[in-house]
Amino acid sequence: MNDPLASLFRQIARQWKPPPKWKVSQWADSTRKLSSEASAEPGQWDTIRAEYQREIMDAVNDPTTERVIIMSSAQVGKTEVLNNVVGYFIDYDPCPMLMLQPTLEMGETWSKDRFDPMARDTPEIGQRIASGKARDKKSTILHKTFVGGHLTIAGANSPASLASRPIRIVLADEVDRYPASAGKEGDPLNLAIKRTSTFWNRKILAVSTPTMKGFSRIEAAFEETDKRRFHIACPICEAEHALAWGNVVWSKDTPAAGDPDKALFKCPHCDGYYGDVQKNSAVKRGRWIATAPFDGRAGFHIWEAYSPWRRLAEIVRDFLEAKDDPEKLQVWVNTSLGESWEGSGETIRDSDLMNRLPFKQSEHDVPRLGLLLTAGIDTQPDRLEVEVVAWGAGEQSWSIDYHVVHGDPDLPEGTAGSPWTELTDYLRKSWRHENGSDVTVGWSCIDSGGHNTQAVYNYAKRHKGDRVFAIKGRGGAGLPIIGAPNRKRTGKVKRPVDVHIVGVDSAKMTVMNRLKIETPGPGYCHFPVGREPEFFRQLCAEKLITRFVKGFPVREFHKVSGARNEALDCRVYAFAALVLAAPQWDKIAFRMKKRTEKPNAPAVTKEQPQPIAQDLPPPANDTRPKKPKPPRSRGSFLNRWRN
């Protein structure tokens, strides 16, 4: 017999029953909806699609774990892991949270493109976020409020966004892209972590793709963890192993038969081969294995071979495209392997450059593969120094000439003793190309940061038609090789002159990396027979050293004591001119090929737009009927009416 009172008590008990003790992965599997704007597979979240994400998310629920460090490649879903943690604490365990992005602008982008679609498509999140309408303004782009907590979105470059506020959960995304200091406040990640000091159950999640070895925040943090690696069982012998790039094969003596598109994994235990399908199945049954003692910090390293969204052939193809270019290879190591990049050295020996096989200029000034000439000009109080460089596809380079023009740069062009007149003649000089045509310097950059700034401005203004650009070097990490111009007034000249800012650290790093390339091809630097040893000493006159600013390593170029570095500066400026020119190599090569048939054609500088047929004047003996000209207007309607 049913007792109505007992039934009522059971209903009340069900209402007051505490929620299940879910972990982040369980909450995501039951609640999280993927949005079409941010996912190739919109709909219900399913952790089994990328099983390696489960333990990463659930480490947040481990009471013995305070910090979770994720060092990974791209394309493994690390941002979605952070999104699931945010959603879990909003819906299931409300508390104050901080999402820290490299910049405030990136924080706004994450809020609009990632969080807002997640809140819209996952009702359990959206219903808890306070309205952002104009009347109450409880939620904004960078601050979301909900019962029991809030989510603050901050930029590591903004001290104001890191203002004091108690936080229990810190989620730091792409920490290797953070500045060394948030203004004058110090390290932004440490500032964020200090805000969790009042919470006994605080959690810090740091996620990033690594960068340079010895300077990577995420790698340094990972080394302090238990360093977990994801292991799978070999589909053939069942022995457990972690996927490694060294076990990816496609040579002729393997079943891939030398075809990179058929690349396979090789088991380190049984030497058996397996492909993407077997690997994806094994990942679903894999597990994390720690390789160091645990001390409250869980560390996870994962690379894109584990991702179900990346085929092994795509990874191999990306490697083959990058392997001959140190800059591209660094990007591939960081973003595909999820490992830091370790350069081949911090200095270059001038003897190594001198011992390279030089190219001969006895018959031709510019070799066959040289398609565009640029010049880098360094100013000194008593002279100008110039290097002319030929560039080809893949930015392979040939040093065509190094020239010193003596004279006082402050003397105006055209006066006795002025070096500017000789410089103009030199830059307009024709060089014989191997295809039989004549070429001239197309783009030039001249340093304006020395003692002759005004003279450089005047010269650049006067020779803008020769594509001579004034530049000014600026040190510091992260600056582009050449930026948008600033407007500088040239004394009595009313109209301003454009001055481009050159990120000298970025440019020198690129030049140094290319000088290390030992095999002719993309990026390789050729030097001619008979170049003076002093040139090579100047080219190698700077060393990359590390100094610490407020406890953080900063890499800077410093000149070797007593050495001169004009040749290095000239090469940097010539490279800046190439970046400014932004050449399209296929078009220039096609034009060069056409010039082979016309050896007496005018010198090639930079591709010029060709006139279309209707813009060309008719020949002198043109007998085509002329179109009647419209009658000339005789003024306004009133004047015509009067006449």
# chains A, B, ... in the order shown; residues from 1 in each chain; ligands from 1

$ residues_around --residues "Leu479 in chain A" --least-positions-apart "5" --cutoff "8 Å" --atoms "only C-alpha atoms" --output "list in words"
Val502, Gly503, Asp505 and Ser506 of chain A

$ write_last_selection --atoms "N, CA and C atoms" --output "compact mmCIF listing (two decimals), in the first residue's frame"
# COMPACT_ATOMS: atom_id res chain seq x y z
N VAL A 502 63.27 48.89 -38.37
CA VAL A 502 63.77 47.53 -38.59
C VAL A 502 63.97 46.86 -37.22
N GLY A 503 63.33 45.73 -37.02
CA GLY A 503 63.56 44.93 -35.81
C GLY A 503 64.90 44.23 -35.95
N ASP A 505 66.96 42.72 -33.93
CA ASP A 505 67.16 41.40 -33.33
C ASP A 505 66.55 40.31 -34.19
N SER A 506 65.33 40.55 -34.68
CA SER A 506 64.68 39.56 -35.55
C SER A 506 65.45 39.40 -36.86

$ select_by_dssp --residues "range 241-435 of chain A" --states "helix (DSSP H, G or I)" --output "ChimeraX atom specification"
/A:245-247,260-262,276-283,304-306,312-322,326-337,350-354,393-395,419-427

$ residues_around --residues "range 381-395 of chain A" --least-positions-apart "5" --cutoff "8 Å" --atoms "only C-alpha atoms" --output "short mmCIF file (atom, residue, chain, number, x, y, z; two decimals) with C-alpha atoms, in the first residue's frame"
data_model
loop_
_atom_site.label_atom_id
_atom_site.label_comp_id
_atom_site.auth_asym_id
_atom_site.auth_seq_id
_atom_site.Cartn_x
_atom_site.Cartn_y
_atom_site.Cartn_z
CA VAL A 366 75.10 38.17 -61.18
CA LEU A 369 69.61 32.08 -60.12
CA GLY A 370 69.93 35.68 -58.86
CA LEU A 371 66.67 37.44 -59.67
CA LEU A 372 66.61 40.66 -57.64
CA LEU A 373 69.31 43.04 -56.36
CA THR A 374 69.03 44.92 -53.07
CA ALA A 375 71.52 47.15 -51.27
CA GLY A 376 72.16 47.74 -47.57
CA ILE A 400 77.72 40.68 -55.44
CA ASP A 401 79.88 43.51 -54.17
CA TYR A 402 80.99 45.38 -51.04
CA HIS A 403 81.88 49.00 -51.61
CA VAL A 404 83.11 51.84 -49.37
CA VAL A 405 82.39 55.48 -50.33
CA HIS A 406 84.63 57.93 -48.47
CA GLY A 407 83.52 61.45 -47.56
CA ASP A 408 81.56 63.45 -45.01
CA PRO A 409 77.87 62.45 -45.22
CA PRO A 419 79.86 60.74 -50.76
CA VAL A 441 69.68 47.56 -57.69
CA HIS A 451 75.37 60.73 -36.61
CA ASN A 452 74.04 61.82 -40.01
CA GLY A 521 69.48 25.91 -51.47
CA PRO A 522 66.80 28.03 -49.76
CA GLY A 523 68.39 30.56 -47.41
CA TYR A 524 72.00 29.65 -48.29
CA GLU A 566 79.60 47.25 -40.65
CA ALA A 567 79.38 44.22 -42.98
CA CYS A 570 74.85 46.11 -44.38
CA ARG A 571 73.64 42.53 -44.81
CA ALA A 574 69.93 44.50 -47.58
CA TRP A 585 59.79 35.03 -57.51
#

$ atom_distance --atom1 "CA of Met354 in chain A" --atom2 "CA of Pro528 in chain A"
9.8 Å

$ atom_distance --atom1 "CA of Gly338 in chain A" --atom2 "CA of Phe319 in chain A"
13.5 Å

$ select_by_dssp --residues "range 162-319 of chain A" --states "strand (DSSP E or B)" --output "VMD selection string"
chain A and resid 169 to 173 203 to 208 212 228 to 233 240 to 242 248 to 249 264 to 266 273 to 274 287 to 290 297 to 302

$ write_last_selection --atoms "C-alpha atoms" --output "compact mmCIF listing (two decimals), in the first residue's frame"
# COMPACT_ATOMS: atom_id res chain seq x y z
CA ILE A 169 41.36 28.80 -10.68
CA VAL A 170 44.03 30.22 -13.01
CA LEU A 171 44.01 29.05 -16.61
CA ALA A 172 47.06 30.34 -18.52
CA ASP A 173 47.00 29.79 -22.29
CA LYS A 203 44.34 25.05 -9.26
CA ILE A 204 46.78 26.43 -11.82
CA LEU A 205 46.65 25.17 -15.41
CA ALA A 206 49.43 26.33 -17.78
CA VAL A 207 49.23 25.38 -21.44
CA SER A 208 51.51 26.22 -24.36
CA MET A 212 63.36 28.19 -27.79
CA ARG A 228 53.86 12.04 -18.13
CA ARG A 229 53.96 10.56 -21.63
CA PHE A 230 51.04 8.88 -23.35
CA HIS A 231 51.69 5.20 -24.11
CA ILE A 232 49.82 2.93 -26.48
CA ALA A 233 49.92 -0.83 -26.95
CA GLU A 240 53.53 -0.39 -24.61
CA HIS A 241 55.47 2.55 -26.01
CA ALA A 242 55.12 6.29 -26.55
CA VAL A 248 58.16 7.30 -38.14
CA VAL A 249 59.48 5.68 -41.34
CA LEU A 264 54.12 4.31 -41.06
CA PHE A 265 54.84 3.98 -37.36
CA LYS A 266 57.48 1.41 -36.40
CA TYR A 273 54.65 -1.41 -38.84
CA TYR A 274 51.23 0.13 -38.38
CA ARG A 287 47.33 5.52 -20.79
CA TRP A 288 49.63 8.15 -19.29
CA ILE A 289 52.82 6.98 -17.60
CA ALA A 290 54.86 9.32 -15.38
CA ARG A 297 52.51 19.03 -10.19
CA ALA A 298 51.18 16.91 -13.05
CA GLY A 299 52.92 17.38 -16.39
CA PHE A 300 51.66 16.17 -19.77
CA HIS A 301 53.52 16.16 -23.09
CA ILE A 302 51.58 15.36 -26.24

$ closest_residue --among "A:Asn334, A:Thr424, A:Ser164, A:Thr145" --to "Gln75 in chain A" --atoms "only C-alpha atoms"
A:Asn334

$ atom_distance --atom1 "CA of Val560 in chain A" --atom2 "CA of Asp325 in chain A"
27.3 Å

$ closest_residue --among "A:Ala50, A:Ile348, A:Ile218, A:Val572" --to "Trp309 in chain A" --atoms "only C-alpha atoms"
A:Ala50

$ closest_residue --among "A:Leu191, A:Cys525, A:Ile446, A:Ile481" --to "Asp498 in chain A" --atoms "only C-alpha atoms"
A:Ile446

$ residues_around --residues "range 535-539 of chain A" --least-positions-apart "3" --cutoff "6 Å" --atoms "only C-alpha atoms" --output "ChimeraX atom specification"
/A:350,532,564-565,567-568
